[in-house]
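Asks: This is the structure, below, for whatever I ask next.
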Amino acid sequence: MVARPRPDGQPSIPKPPVILDRATGARIALARFATLNLSFAAGETGELRSAYDDLIGPNIAAVMARVGWLYEGALMRVDAFLPGESSVEGGPQASHIIASGWAGPIRAKDGSFGINVSYGVGASHRGAGLGQLLAYCAVAECLANQAFAGEPIPTFVNIQARATNGASLAVARSLGVPACHGAGFAVPARGERIEYVGFREPVLGFLVRSLPPTKARLPEYDPGALAAARLEFIPALDAEFDLLGWLQDSTAAAESVAIDEPERFHLHG
């Protein structure tokens with residue numbers, strides 16, 4: 001990636017290329033606003049709709065009271081778009097979102113910083129690996145945004161899902177994030193308990209392990225480049241800048257602070 005000068009003389013990252021998923025043809029883009037508006041869920045009912053309860057379910061307030069962490073920064077959302085049918089003959093095609101991944105900085109009870117990961121895929125596009133693909137991109141962009149903004153560097157990723165949400169659990173497991181007993185919890189609802197399974201691991205391992213399959217589907221994607229392009233910022237004077245390498249160095253430095261805390265990923269979420 002080659003930096004170009006800005007009017008103030010500082011280097012900046014050029015606009016990222018159009019990023020297309022080779023497996024589905026979807027265009028991958030960083031959302032301007034990280035809302036939880038699930039347009040791809042419109043019209044879904046019953047079990048199809050309940051798959052999103054971990055994101056926008058009726059007991060989400062109770063869930064947030066039990067997670068054991070607080071959001072501490074900007075939430076990032078990465079969307080997958082497919083072209084739709086044009087309403088005007090010969091006119092441009094409109095795009096519609098078919099899946100999204102979210103990543104937000106969190107602070108756990110022990111004071112450590114992490115990234116909470118969420119994802120949602122429209123029922124008609126499940127099974128194509130979009131959940132894990134967008135989850136990876138969201139984490140990379142969230143980490144880059146934190147680093148560029150001078151905020152604390154997250155050192156772990158966190159995923160949680162209802163024990164009965166098979167689709168969400170499958171995505172977490174496909175990402176290779178190990179289950180973490182301390183990150184699980186239960187929420188009372190209508191006289192019963194809803195169990196949540198937690199997954200947690202160091203963010204550096206997550207980034208490195210999932211990079212090859214991500215690049216196989218998104219060869220034009222550089223982890224963190226979408227956030228960097230939005231900020232029009234690059235924290236180095238080199239013409240060539242290895243963004244992932246820089247993120248790895250930043251993350252490794254943050255993780256080294258807690259190197260003597262081997263149980264940190266099994267404490268209280």
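Just so we're on the same page: first chain in the structure tokens is A, next is B, and so on; residues restart at 1 for each chain, and ligands are numbered from 1 in the order they show up.
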For region 182-196 of chain A, find every residue with an atom within 12 Å (counting only C-alpha atoms), except residues of its own chain fewer than 5 positions away, and show them as a PyMOL selection string.
Replies: chain A and resi 53-54+57-69+108-109+116+156-166+168-169+201+263-269
Asks: What does the file look like for those residues with C-alpha atoms, as a compact mmCIF listing (two decimals), in the first residue's frame?
Replies:
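Saved the output as result-v3.txt:
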# COMPACT_ATOMS: atom_id res chain seq x y z
CA ASP A 53 -32.02 -12.30 19.48
CA ASP A 54 -28.41 -12.13 20.67
CA GLY A 57 -33.61 -9.69 21.35
CA PRO A 58 -36.29 -8.72 23.89
CA ASN A 59 -33.98 -9.44 26.85
CA ILE A 60 -30.93 -7.59 25.53
CA ALA A 61 -30.93 -5.15 28.48
CA ALA A 62 -30.73 -8.05 30.93
CA VAL A 63 -27.92 -9.58 28.87
CA MET A 64 -25.86 -6.39 28.94
CA ALA A 65 -26.28 -6.27 32.72
CA ARG A 66 -24.67 -9.71 33.03
CA VAL A 67 -21.82 -9.68 30.51
CA GLY A 68 -19.18 -8.41 32.95
CA TRP A 69 -17.81 -5.70 30.65
CA ALA A 108 -13.61 -6.15 31.50
CA LYS A 109 -14.01 -6.15 35.28
CA ASN A 116 -16.62 -7.78 21.58
CA PHE A 156 -8.55 -10.17 23.47
CA VAL A 157 -11.63 -10.93 21.41
CA ASN A 158 -14.91 -11.84 23.09
CA ILE A 159 -17.92 -13.61 21.58
CA GLN A 160 -21.07 -14.69 23.35
CA ALA A 161 -24.19 -16.47 22.17
CA ARG A 162 -27.21 -18.20 23.66
CA ALA A 163 -26.58 -21.88 24.20
CA THR A 164 -29.60 -22.56 21.97
CA ASN A 165 -28.47 -20.33 19.07
CA GLY A 166 -26.89 -22.96 16.86
CA SER A 168 -24.27 -18.10 16.18
CA LEU A 169 -22.37 -20.83 18.01
CA GLU A 201 -8.78 -15.58 23.09
CA GLU A 263 -5.67 -16.99 33.89
CA ARG A 264 -6.91 -13.67 32.49
CA PHE A 265 -9.04 -15.35 29.82
CA HIS A 266 -10.89 -17.35 32.46
CA LEU A 267 -11.84 -14.53 34.82
CA HIS A 268 -15.32 -13.05 35.16
CA GLY A 269 -15.67 -12.06 31.46
Asks: When DSSP works through the backbone of this structure, what residues of region 46-189 of chain A end up as strand (DSSP E or B), shown as a VMD selection string?
Replies: chain A and resid 69 to 71 76 to 83 95 to 108 113 to 121 156 to 162 179 185 to 189
Asks: Between A:Ile115, A:Ala23, A:Ala167, A:Leu226, single out the one closest to Asp79 (chain A), counting only C-alpha atoms.
Replies: A:Leu226
Asks: Pro213 (chain A): which residues within 12 Å, counting only C-alpha atoms, same-chain residues fewer than 2 positions away excluded, as a PDB file with N, CA and C atoms, in the first residue's frame?
Replies:
ATOM      1  N   ASP A  21     -15.964 -10.235  -2.277  1.00  0.00           N
ATOM      2  CA  ASP A  21     -15.807 -11.584  -1.757  1.00  0.00           C
ATOM      3  C   ASP A  21     -15.866 -12.567  -2.920  1.00  0.00           C
ATOM      4  N   ARG A  22     -14.793 -13.319  -3.112  1.00  0.00           N
ATOM      5  CA  ARG A  22     -14.736 -14.262  -4.231  1.00  0.00           C
ATOM      6  C   ARG A  22     -15.781 -15.366  -4.111  1.00  0.00           C
ATOM      7  N   ALA A  23     -16.175 -15.694  -2.897  1.00  0.00           N
ATOM      8  CA  ALA A  23     -17.106 -16.809  -2.711  1.00  0.00           C
ATOM      9  C   ALA A  23     -18.544 -16.436  -3.031  1.00  0.00           C
ATOM     10  N   GLY A 129     -20.328 -18.624   4.920  1.00  0.00           N
ATOM     11  CA  GLY A 129     -19.143 -18.163   5.632  1.00  0.00           C
ATOM     12  C   GLY A 129     -19.053 -16.663   5.805  1.00  0.00           C
ATOM     13  N   LEU A 130     -20.146 -15.928   5.552  1.00  0.00           N
ATOM     14  CA  LEU A 130     -20.100 -14.478   5.666  1.00  0.00           C
ATOM     15  C   LEU A 130     -19.973 -14.013   7.113  1.00  0.00           C
ATOM     16  N   GLN A 132     -18.251 -15.369   9.681  1.00  0.00           N
ATOM     17  CA  GLN A 132     -16.853 -15.368  10.125  1.00  0.00           C
ATOM     18  C   GLN A 132     -16.006 -14.379   9.341  1.00  0.00           C
ATOM     19  N   LEU A 133     -16.306 -14.200   8.049  1.00  0.00           N
ATOM     20  CA  LEU A 133     -15.542 -13.258   7.235  1.00  0.00           C
ATOM     21  C   LEU A 133     -15.717 -11.836   7.756  1.00  0.00           C
ATOM     22  N   TYR A 136     -14.090 -11.193  11.232  1.00  0.00           N
ATOM     23  CA  TYR A 136     -12.649 -10.938  11.154  1.00  0.00           C
ATOM     24  C   TYR A 136     -12.388  -9.495  10.735  1.00  0.00           C
ATOM     25  N   CYS A 137     -13.042  -9.036   9.681  1.00  0.00           N
ATOM     26  CA  CYS A 137     -12.823  -7.675   9.188  1.00  0.00           C
ATOM     27  C   CYS A 137     -13.199  -6.645  10.245  1.00  0.00           C
ATOM     28  N   SER A 174     -16.355 -21.720  14.113  1.00  0.00           N
ATOM     29  CA  SER A 174     -15.657 -21.694  12.829  1.00  0.00           C
ATOM     30  C   SER A 174     -14.509 -20.694  12.851  1.00  0.00           C
ATOM     31  N   LEU A 175     -14.618 -19.676  13.697  1.00  0.00           N
ATOM     32  CA  LEU A 175     -13.544 -18.699  13.839  1.00  0.00           C
ATOM     33  C   LEU A 175     -12.376 -19.247  14.652  1.00  0.00           C
ATOM     34  N   LEU A 207      -6.232 -12.665  14.837  1.00  0.00           N
ATOM     35  CA  LEU A 207      -5.902 -11.985  13.585  1.00  0.00           C
ATOM     36  C   LEU A 207      -5.015 -12.820  12.682  1.00  0.00           C
ATOM     37  N   VAL A 208      -3.977 -13.407  13.271  1.00  0.00           N
ATOM     38  CA  VAL A 208      -3.001 -14.143  12.462  1.00  0.00           C
ATOM     39  C   VAL A 208      -3.603 -15.430  11.916  1.00  0.00           C
ATOM     40  N   ARG A 209      -4.338 -16.162  12.748  1.00  0.00           N
ATOM     41  CA  ARG A 209      -4.891 -17.451  12.312  1.00  0.00           C
ATOM     42  C   ARG A 209      -5.904 -17.293  11.178  1.00  0.00           C
ATOM     43  N   SER A 210      -6.712 -16.255  11.256  1.00  0.00           N
ATOM     44  CA  SER A 210      -7.789 -16.105  10.280  1.00  0.00           C
ATOM     45  C   SER A 210      -7.410 -15.278   9.062  1.00  0.00           C
ATOM     46  N   LEU A 211      -6.174 -14.771   9.004  1.00  0.00           N
ATOM     47  CA  LEU A 211      -5.791 -13.962   7.856  1.00  0.00           C
ATOM     48  C   LEU A 211      -5.751 -14.757   6.549  1.00  0.00           C
ATOM     49  N   LYS A 215      -7.866 -13.587   3.291  1.00  0.00           N
ATOM     50  CA  LYS A 215      -7.223 -13.095   2.073  1.00  0.00           C
ATOM     51  C   LYS A 215      -7.585 -13.956   0.861  1.00  0.00           C
ATOM     52  N   ALA A 216      -7.861 -15.237   1.086  1.00  0.00           N
ATOM     53  CA  ALA A 216      -8.263 -16.100  -0.025  1.00  0.00           C
ATOM     54  C   ALA A 216      -9.584 -15.637  -0.620  1.00  0.00           C
ATOM     55  N   ARG A 217     -10.461 -15.119   0.233  1.00  0.00           N
ATOM     56  CA  ARG A 217     -11.756 -14.637  -0.247  1.00  0.00           C
ATOM     57  C   ARG A 217     -11.725 -13.153  -0.607  1.00  0.00           C
ATOM     58  N   LEU A 218     -10.868 -12.396   0.093  1.00  0.00           N
ATOM     59  CA  LEU A 218     -10.782 -10.945  -0.116  1.00  0.00           C
ATOM     60  C   LEU A 218      -9.338 -10.562  -0.443  1.00  0.00           C
ATOM     61  N   PRO A 219      -8.848 -10.902  -1.629  1.00  0.00           N
ATOM     62  CA  PRO A 219      -7.430 -10.645  -1.941  1.00  0.00           C
ATOM     63  C   PRO A 219      -7.059  -9.165  -1.923  1.00  0.00           C
ATOM     64  N   TYR A 221      -8.082  -7.009   0.289  1.00  0.00           N
ATOM     65  CA  TYR A 221      -8.277  -6.458   1.632  1.00  0.00           C
ATOM     66  C   TYR A 221      -6.992  -6.467   2.441  1.00  0.00           C
TER      67      TYR A 221
END
Asks: Measuring atom to atom with only C-alpha atoms, identify which of A:Gly101, A:Pro212, A:Gly198, A:Gly245 is nearest to Gly131 (chain A).
Replies: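 Closest candidate: A:Gly101.
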Asks: Identify all residues of region 20-172 of chain A in helix (DSSP H, G or I) (DSSP on the backbone) and supply them as a PyMOL selection string.
Replies: chain A and resi 39-41+46-50+53-56+60-66+123-125+130-148+166-172
Asks: I want to know what sits within 10 Å of Gly122 (chain A), based on only C-alpha atoms, with residues of the same chain fewer than 5 positions away left out; could you give that as a PyMOL selection string?
Replies: chain A and resi 38-42+44+48-49+51-52+97-100+130-131
Asks: With C-alpha atoms retained, could you export that selection as a short mmCIF file (atom, residue, chain, number, x, y, z; two decimals), in the first residue's frame?
Replies:
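As a result, result.cif now contains:
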data_model
loop_
_atom_site.label_atom_id
_atom_site.label_comp_id
_atom_site.auth_asym_id
_atom_site.auth_seq_id
_atom_site.Cartn_x
_atom_site.Cartn_y
_atom_site.Cartn_z
CA LEU A 38 -30.84 -5.34 10.47
CA SER A 39 -32.34 -4.55 7.08
CA PHE A 40 -31.45 -8.05 5.86
CA ALA A 41 -33.79 -9.49 8.50
CA ALA A 42 -36.85 -7.71 7.11
CA GLU A 44 -38.10 -12.98 8.54
CA LEU A 48 -35.30 -17.32 11.34
CA ARG A 49 -35.94 -14.07 13.17
CA ALA A 51 -31.47 -16.07 15.30
CA TYR A 52 -30.88 -12.33 15.84
CA ILE A 97 -26.98 -5.51 2.77
CA ILE A 98 -27.06 -9.27 3.24
CA ALA A 99 -24.85 -9.60 6.33
CA SER A 100 -22.95 -7.53 8.89
CA LEU A 130 -20.10 -14.48 5.67
CA GLY A 131 -20.45 -14.36 9.45
#
Asks: Using only C-alpha atoms, find the one residue out of A:Leu55, A:Ala135, A:Ala147, A:Ala252 that sits nearest to Gly176 (chain A).
Replies: A:Ala135
Asks: Just to confirm, what's the straight-line distance from CA of Leu75 (chain A) to CA of Pro152 (chain A) in Å (one decimal)?
Replies: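 Answer for the CA of Leu75 (chain A) to CA of Pro152 (chain A) separation: 14.2 Å.
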Asks: Just checking: using only C-alpha atoms, which residue out of A:Val117, A:Ala138, A:Leu36, A:Ala26 ends up closest to Ser95 (chain A)?
Replies: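 Comparing A:Val117, A:Ala138, A:Leu36, A:Ala26 against Ser95 (chain A), the winner is A:Ala26.
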Asks: Provide the CA of Ala144 (chain A) to CA of Ala225 (chain A) distance in Å, to one decimal place.
Replies: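 So the answer is 7.9 Å.
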